[in-house]
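Reading through the structure tokens given below for one structure.
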Protein chains: 2
Amino acid sequence: MIASSESFTPVSQVGEFGLIDQLRTVLGTDMPDSLVQGIGDDAAVYRVGDGRVHVVTTDALVEGVHFDRTFVPMRYLGWKAIATNVSDVVAMNAEPRYATVALALPNNVSVEQLETLYAGMAEACSRYELIIVGGDVTAAPKLMISISVIGETAENDIVYRKGAQLGDLLCVTGDLGAAAAGLKVLLAGKKGFEPGGDGAESSQPNLAEFAYVVERHLYPQARLDRIQYWRETGVRPSAMIDLSDGLGGDVHHLCTASAVGAVIEAGLLPIHVQTFKAAEQYDADALSLALYGGEDYELLFAVSEADRQKLDEDTYAVVGQVVDASEGVTIRDPDGNVTALEAGGFEHF
Amino acid sequence: MIASSESFTPVSQVGEFGLIDQLRTVLGTDMPDSLVQGIGDDAAVYRVGDGRVHVVTTDALVEGVHFDRTFVPMRYLGWKAIATNVSDVVAMNAEPRYATVALALPNNVSVEQLETLYAGMAEACSRYELIIVGGDVTAAPKLMISISVIGETAENDIVYRKGAQLGDLLCVTGDLGAAAAGLKVLLAGKKGFEPGGDGAESSQPNLAEFAYVVERHLYPQARLDRIQYWRETGVRPSAMIDLSDGLGGDVHHLCTASAVGAVIEAGLLPIHVQTFKAAEQYDADALSLALYGGEDYELLFAVSEADRQKLDEDTYAVVGQVVDASEGVTIRDPDGNVTALEAGGFEHF
């Protein structure tokens with residue numbers, strides 16, 4: 001009954017990815033034949049027969065860490081909790097099917113607020129054609145929403161982080177940095193009403209002016225539409241990851257898994273005009289938001305030139321190219337200067 | 001951006017089961033053909049082809065609600081988090097395959113403690129032959145472990161809460177109330193060291209004397225062994241549920257789902273001698289612990305007399321009989337007095 005460990009290493013020394021790696025190590029490598037991919041990609045993959053596979057992913061949202069209830073409406077929170085998990089399924093090139101929801105509720109959440117949260121989840125389920133099949137509700141000091149989503153596809157259709165080939169183009173869907181820009185706008189709005197803020201209308205951000213980036217933060221869209229379009233077009237990326245941490249970190253994940261390097265072209269990054277405006281107004285740098293802001297939930301994918309030519313130009317942006325691992329992961333500015341691209345990214349601890 | 005609800009109904013007015021029911025209602029009843037069972041049983045059931053089904057369940061453990069880190073060692077906590085979810089899979093008569101783990105960690109949990117937690121999970125995974133395929137680690141004010149387990153079996157082998165037939169025997173595996181008795185022993189031990197307690201060795205419970213019940217609380221066993229034995233013996237219960245809330249509450253769940261009543265025989269309930277001793281020493285009633293203590297994670301199952309005769313007597317105890325719904329759920333004491341059996345059970349809110 002005596003705890004076996006004497007020393008105390010704070011989790012901050014290891015970090016989120018280190019802690020997940022450690023879990024993988026403790027659990028060993030004795031995998032059943034049915035398991036195609038365990039911990040280490042956007043979702044795990046296992047065979048269910050007839051050449052089909054299921055994928056499963058889990059993600060938790062914790063109040064005070066991932067969201068602030070003072071400016072995130074419950075309906076959006078419900079949507080986001082589902083959509084961010086669907087994004088991981090989509091990043092495997094699979095389609096969402098079933099979800100389980102574990103809710104931990106503090107006593108300052110009312111039944112009415114919970115109904116609104118549920119309604120947001122239901123909207124997302126309807127949009128992404130998945131169904132919540134299991135739930136657990138418990139008390140807790142802070143609101144926490146833990147969701148698992150199970151998806152399905154043919155085993156041959158699965159796209160991993162690994163698989164990017166030398167010469168492939170690196171592309172993204174949508175634009176980058178908008179979710180982080182939206183968060184800056186929302187935080188500025190909150191600050192105006194805090195002690196020391198003047199609370200005046202005049203100090204409030206003009207949400208209409210920033211409607212696009214605020215929506216990108218509150219109401220992220222999993223790119224199920226894109227993988228469905230690729231399927232119709234006969235395109236299969238060679239490697240893929242969803243952009244939850246930010247391009248800077250996620251391109252490293254993809255390159256490490258694929259054992260390749262990458263050159264990102266700073267001048268090619270798709271950045272919305274509102275992201276530039278918000279960056280200017282709130283003392284941020286639009287390029288940094290695009291690289292490290294995170295939570296865009298767009299897809300970063302590697303694709304051959306031949307496959308790329310099948311795609312409608314409006315559906316992606318080329319942001320770089322796959323190079324040999326020895327060249328590392330770099331970013332080239334519009335003047336041609338090449339520097340190492342730091343992984344950066346968001347760390348909770 | 002304005003929250004739509006004006007009134008504030010505390011979640012305690014609805015309770016855990018009410019909140020889950022509400023989730024089911026909001027999500028509607030538009031079920032895909034592949035879904036055999038949604039929210040409302042120990043686990044959801046969906047078809048994966050070739051006459052096989054998968055089941056999925058989710059459960060969260062929250063510090064201060066489900067466990068107290070001051071007397072629950074991390075290794076046991078890791079074990080219990082997996083075992084309790086496996087129990088829900090087993091209660092569908094299915095075998096566990098894959099798990100996902102979402103961990104929310106306060107900064108007073110060290111890397112060393114986390115390794116011990118992982119080791120306990122790994123032990124349970126090894127025992128129940130399942131593998132953790134996905135993980136998420138995040139910061140949080142309190143330790144929280146949210147797990148989903150996916151299991152598998154043939155569609156024809158699934159046993160639901162519904163399905164109990166008039167005249168079936170109601171049986172349980174193992175003994176009842178031991179986990180709750182063990183918790184009483186542990187709580188008494190903790191109290192001796194609190195302000196006002198004397199902290200003396202003499203006031204500490206003799207853990208050796210109560211080793212069995214303490215272990216039943218810290219180290220619950222999912223009854224995978226029993227369902228495997230039934231499969232070998234050619235026995236299939238007509239209805240089943242795992243005893244997480246306590247027999248009193250769980251027999252109501254089974255009866256409601258099966259649209260039947262039940263008579264429980266108080267004199268037949270299997271109660272361990274240490275449960276009686278702990279009840280006596282800590283001012284509790286052994287029958288109440290057996291009915292409402294919860295967390296035994298044994299199986300309550302309805303079985304025909306013909307199937308019952310195939311079972312080794314050491315593997316179950318008859319605790320009552322299925323009767324017509326109009327007779328309700330009652331308990332008969334050894335003197336023959338019959339009273340309504342309250343659902344009771346544990347409510348977090």
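The chains in the structure tokens are called A, B, ... from first to last as shown; in each chain the residues are counted from 1, and the ligands are counted from 1 in the order shown.
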
Report as an mmCIF file with N, CA and C atoms, in the first residue's frame: the residues of range 121-186 of chain B with a DSSP assignment of strand (DSSP E), based on the backbone of this structure.
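After the write, out04.cif holds the following:
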```cif
data_model
loop_
_atom_site.group_PDB
_atom_site.id
_atom_site.type_symbol
_atom_site.label_atom_id
_atom_site.label_comp_id
_atom_site.auth_asym_id
_atom_site.auth_seq_id
_atom_site.Cartn_x
_atom_site.Cartn_y
_atom_site.Cartn_z
ATOM 1 N N ILE B 131 -5.797 -3.739 -25.297
ATOM 2 C CA ILE B 131 -4.636 -2.906 -25.579
ATOM 3 C C ILE B 131 -5.073 -1.450 -25.689
ATOM 4 N N ILE B 132 -4.284 -0.572 -25.077
ATOM 5 C CA ILE B 132 -4.575 0.865 -25.152
ATOM 6 C C ILE B 132 -4.046 1.385 -26.477
ATOM 7 N N VAL B 133 -4.947 1.898 -27.302
ATOM 8 C CA VAL B 133 -4.571 2.299 -28.662
ATOM 9 C C VAL B 133 -4.597 3.808 -28.865
ATOM 10 N N GLY B 134 -5.119 4.538 -27.887
ATOM 11 C CA GLY B 134 -5.187 5.977 -28.059
ATOM 12 C C GLY B 134 -5.132 6.677 -26.726
ATOM 13 N N GLY B 135 -4.532 7.871 -26.714
ATOM 14 C CA GLY B 135 -4.424 8.597 -25.461
ATOM 15 C C GLY B 135 -4.447 10.088 -25.675
ATOM 16 N N ASP B 136 -4.886 10.794 -24.630
ATOM 17 C CA ASP B 136 -4.830 12.245 -24.612
ATOM 18 C C ASP B 136 -4.432 12.633 -23.192
ATOM 19 N N VAL B 137 -3.492 13.563 -23.076
ATOM 20 C CA VAL B 137 -3.053 14.017 -21.751
ATOM 21 C C VAL B 137 -3.174 15.524 -21.714
ATOM 22 N N THR B 138 -3.823 16.034 -20.672
ATOM 23 C CA THR B 138 -4.015 17.469 -20.572
ATOM 24 C C THR B 138 -3.889 17.900 -19.116
ATOM 25 N N ALA B 139 -3.742 19.193 -18.885
ATOM 26 C CA ALA B 139 -3.714 19.718 -17.526
ATOM 27 C C ALA B 139 -5.138 19.855 -16.999
ATOM 28 N N MET B 144 -8.219 13.288 -13.329
ATOM 29 C CA MET B 144 -9.393 12.670 -13.923
ATOM 30 C C MET B 144 -8.943 11.686 -15.000
ATOM 31 N N ILE B 145 -9.540 10.519 -14.986
ATOM 32 C CA ILE B 145 -9.176 9.463 -15.930
ATOM 33 C C ILE B 145 -10.442 9.055 -16.659
ATOM 34 N N SER B 146 -10.476 9.315 -17.954
ATOM 35 C CA SER B 146 -11.657 8.964 -18.741
ATOM 36 C C SER B 146 -11.245 7.891 -19.741
ATOM 37 N N ILE B 147 -11.936 6.757 -19.687
ATOM 38 C CA ILE B 147 -11.539 5.611 -20.505
ATOM 39 C C ILE B 147 -12.718 5.132 -21.342
ATOM 40 N N SER B 148 -12.424 4.748 -22.570
ATOM 41 C CA SER B 148 -13.410 4.040 -23.393
ATOM 42 C C SER B 148 -12.833 2.679 -23.722
ATOM 43 N N VAL B 149 -13.657 1.652 -23.637
ATOM 44 C CA VAL B 149 -13.212 0.314 -24.026
ATOM 45 C C VAL B 149 -14.133 -0.213 -25.116
ATOM 46 N N ILE B 150 -13.518 -0.787 -26.140
ATOM 47 C CA ILE B 150 -14.240 -1.411 -27.244
ATOM 48 C C ILE B 150 -14.080 -2.920 -27.104
ATOM 49 N N GLY B 151 -15.190 -3.650 -27.171
ATOM 50 C CA GLY B 151 -15.157 -5.100 -27.074
ATOM 51 C C GLY B 151 -15.776 -5.733 -28.301
ATOM 52 N N GLU B 152 -15.731 -7.040 -28.359
ATOM 53 C CA GLU B 152 -16.208 -7.737 -29.553
ATOM 54 C C GLU B 152 -16.841 -9.068 -29.195
ATOM 55 N N THR B 153 -17.827 -9.472 -29.971
ATOM 56 C CA THR B 153 -18.365 -10.828 -29.893
ATOM 57 C C THR B 153 -19.269 -11.064 -31.102
ATOM 58 N N ALA B 154 -19.879 -12.256 -31.156
ATOM 59 C CA ALA B 154 -20.870 -12.518 -32.198
ATOM 60 C C ALA B 154 -22.171 -11.812 -31.822
ATOM 61 N N LEU B 169 -34.204 -17.404 -13.018
ATOM 62 C CA LEU B 169 -33.549 -17.150 -11.742
ATOM 63 C C LEU B 169 -32.669 -15.913 -11.870
ATOM 64 N N LEU B 170 -32.611 -15.132 -10.791
ATOM 65 C CA LEU B 170 -31.672 -14.006 -10.746
ATOM 66 C C LEU B 170 -30.458 -14.454 -9.946
ATOM 67 N N CYS B 171 -29.293 -14.343 -10.559
ATOM 68 C CA CYS B 171 -28.068 -14.838 -9.930
ATOM 69 C C CYS B 171 -27.010 -13.746 -9.931
ATOM 70 N N VAL B 172 -26.055 -13.871 -9.020
ATOM 71 C CA VAL B 172 -24.889 -12.990 -9.040
ATOM 72 C C VAL B 172 -23.619 -13.832 -8.995
#
```

Expected answer as an MDAnalysis selection string: chain B residues within 7 Å of chain A, only C-alpha atoms: chainID B and resid 1 3 5 7:11 16 20 23 26:27 38:39 43:44 48:49 57:60 62 65 73 100 102 107 110:113 118:119 122 133:140 146 348:349

Close residues, Val323 in chain A itself excluded, 10 Å, only C-alpha atoms, min 6 positions apart in chain, as a PyMOL selection string: chain A and resi 164-169+255+259-263+329-330

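The list of residues with at least one atom within 9 Å of His253 in chain A, based on only C-alpha atoms and without residues fewer than 3 positions apart in the same chain, reads Asp41, Arg161, Ile241, Gly249, Asp250, Thr256, Ala257, Ser258 and Ala343 of chain A.
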
Suppose we keep N, CA and C atoms; can you now write the selection as a PDB file, in the first residue's frame?
```pdb
ATOM      1  N   ASP A  41      -0.515   8.252 -34.023  1.00  0.00           N
ATOM      2  CA  ASP A  41      -1.025   8.977 -35.187  1.00  0.00           C
ATOM      3  C   ASP A  41      -2.252   9.769 -34.720  1.00  0.00           C
ATOM      4  N   ARG A 161       0.366   9.638 -40.805  1.00  0.00           N
ATOM      5  CA  ARG A 161       1.367  10.717 -40.792  1.00  0.00           C
ATOM      6  C   ARG A 161       2.592  10.275 -41.579  1.00  0.00           C
ATOM      7  N   ILE A 241      -2.066  14.979 -41.539  1.00  0.00           N
ATOM      8  CA  ILE A 241      -2.245  15.257 -40.112  1.00  0.00           C
ATOM      9  C   ILE A 241      -3.207  16.429 -40.018  1.00  0.00           C
ATOM     10  N   GLY A 249       4.390  22.949 -35.541  1.00  0.00           N
ATOM     11  CA  GLY A 249       4.526  21.687 -34.818  1.00  0.00           C
ATOM     12  C   GLY A 249       4.076  20.497 -35.650  1.00  0.00           C
ATOM     13  N   ASP A 250       2.981  20.661 -36.364  1.00  0.00           N
ATOM     14  CA  ASP A 250       2.384  19.507 -37.046  1.00  0.00           C
ATOM     15  C   ASP A 250       3.199  19.062 -38.264  1.00  0.00           C
ATOM     16  N   THR A 256       8.652  13.683 -39.056  1.00  0.00           N
ATOM     17  CA  THR A 256       9.273  12.667 -38.210  1.00  0.00           C
ATOM     18  C   THR A 256       8.699  11.293 -38.542  1.00  0.00           C
ATOM     19  N   ALA A 257       7.361  11.204 -38.629  1.00  0.00           N
ATOM     20  CA  ALA A 257       6.720   9.919 -38.918  1.00  0.00           C
ATOM     21  C   ALA A 257       7.108   9.411 -40.308  1.00  0.00           C
ATOM     22  N   SER A 258       7.287  10.322 -41.259  1.00  0.00           N
ATOM     23  CA  SER A 258       7.589   9.937 -42.643  1.00  0.00           C
ATOM     24  C   SER A 258       9.086   9.818 -42.905  1.00  0.00           C
ATOM     25  N   ALA A 343       9.506  23.722 -33.911  1.00  0.00           N
ATOM     26  CA  ALA A 343       8.246  22.998 -33.730  1.00  0.00           C
ATOM     27  C   ALA A 343       7.239  23.856 -32.970  1.00  0.00           C
TER      28      ALA A 343
END
```

Residue set, range 66-147 of chain A restricted to helix (DSSP H, G or I), as a PyMOL selection string: chain A and resi 74-90+111-128

Restrict the selected residues to C-alpha atoms and save them as a PDB file, in the first residue's frame.
```pdb
ATOM      1  CA  MET A  74     -22.188  26.229 -24.383  1.00  0.00           C
ATOM      2  CA  ARG A  75     -23.606  25.484 -27.815  1.00  0.00           C
ATOM      3  CA  TYR A  76     -20.268  26.220 -29.486  1.00  0.00           C
ATOM      4  CA  LEU A  77     -18.447  24.215 -26.839  1.00  0.00           C
ATOM      5  CA  GLY A  78     -20.608  21.182 -27.596  1.00  0.00           C
ATOM      6  CA  TRP A  79     -19.979  21.600 -31.308  1.00  0.00           C
ATOM      7  CA  LYS A  80     -16.243  22.047 -30.865  1.00  0.00           C
ATOM      8  CA  ALA A  81     -15.865  19.003 -28.603  1.00  0.00           C
ATOM      9  CA  ILE A  82     -17.307  16.793 -31.349  1.00  0.00           C
ATOM     10  CA  ALA A  83     -15.740  18.570 -34.333  1.00  0.00           C
ATOM     11  CA  THR A  84     -12.176  18.430 -32.969  1.00  0.00           C
ATOM     12  CA  ASN A  85     -12.431  14.654 -32.482  1.00  0.00           C
ATOM     13  CA  VAL A  86     -13.996  14.226 -35.931  1.00  0.00           C
ATOM     14  CA  SER A  87     -11.011  16.163 -37.290  1.00  0.00           C
ATOM     15  CA  ASP A  88      -8.661  13.416 -36.019  1.00  0.00           C
ATOM     16  CA  VAL A  89     -10.769  10.744 -37.726  1.00  0.00           C
ATOM     17  CA  VAL A  90     -10.834  12.737 -40.958  1.00  0.00           C
ATOM     18  CA  VAL A 111     -29.482  21.668 -16.564  1.00  0.00           C
ATOM     19  CA  GLU A 112     -30.435  24.419 -19.043  1.00  0.00           C
ATOM     20  CA  GLN A 113     -26.777  25.059 -19.932  1.00  0.00           C
ATOM     21  CA  LEU A 114     -26.235  21.347 -20.307  1.00  0.00           C
ATOM     22  CA  GLU A 115     -29.157  21.139 -22.733  1.00  0.00           C
ATOM     23  CA  THR A 116     -27.489  23.845 -24.794  1.00  0.00           C
ATOM     24  CA  LEU A 117     -24.195  21.929 -24.696  1.00  0.00           C
ATOM     25  CA  TYR A 118     -26.010  18.780 -25.828  1.00  0.00           C
ATOM     26  CA  ALA A 119     -27.721  20.738 -28.621  1.00  0.00           C
ATOM     27  CA  GLY A 120     -24.325  21.870 -29.935  1.00  0.00           C
ATOM     28  CA  MET A 121     -23.117  18.265 -29.870  1.00  0.00           C
ATOM     29  CA  ALA A 122     -26.251  17.139 -31.676  1.00  0.00           C
ATOM     30  CA  GLU A 123     -25.680  19.757 -34.404  1.00  0.00           C
ATOM     31  CA  ALA A 124     -22.135  18.529 -34.947  1.00  0.00           C
ATOM     32  CA  CYS A 125     -23.297  14.907 -34.986  1.00  0.00           C
ATOM     33  CA  SER A 126     -25.879  15.776 -37.598  1.00  0.00           C
ATOM     34  CA  ARG A 127     -23.341  17.678 -39.725  1.00  0.00           C
ATOM     35  CA  TYR A 128     -20.720  14.906 -39.612  1.00  0.00           C
TER      36      TYR A 128
END
```

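The spacing separating CA of Leu254 in chain B from CA of Ala91 in chain B amounts to 11.5 Å.
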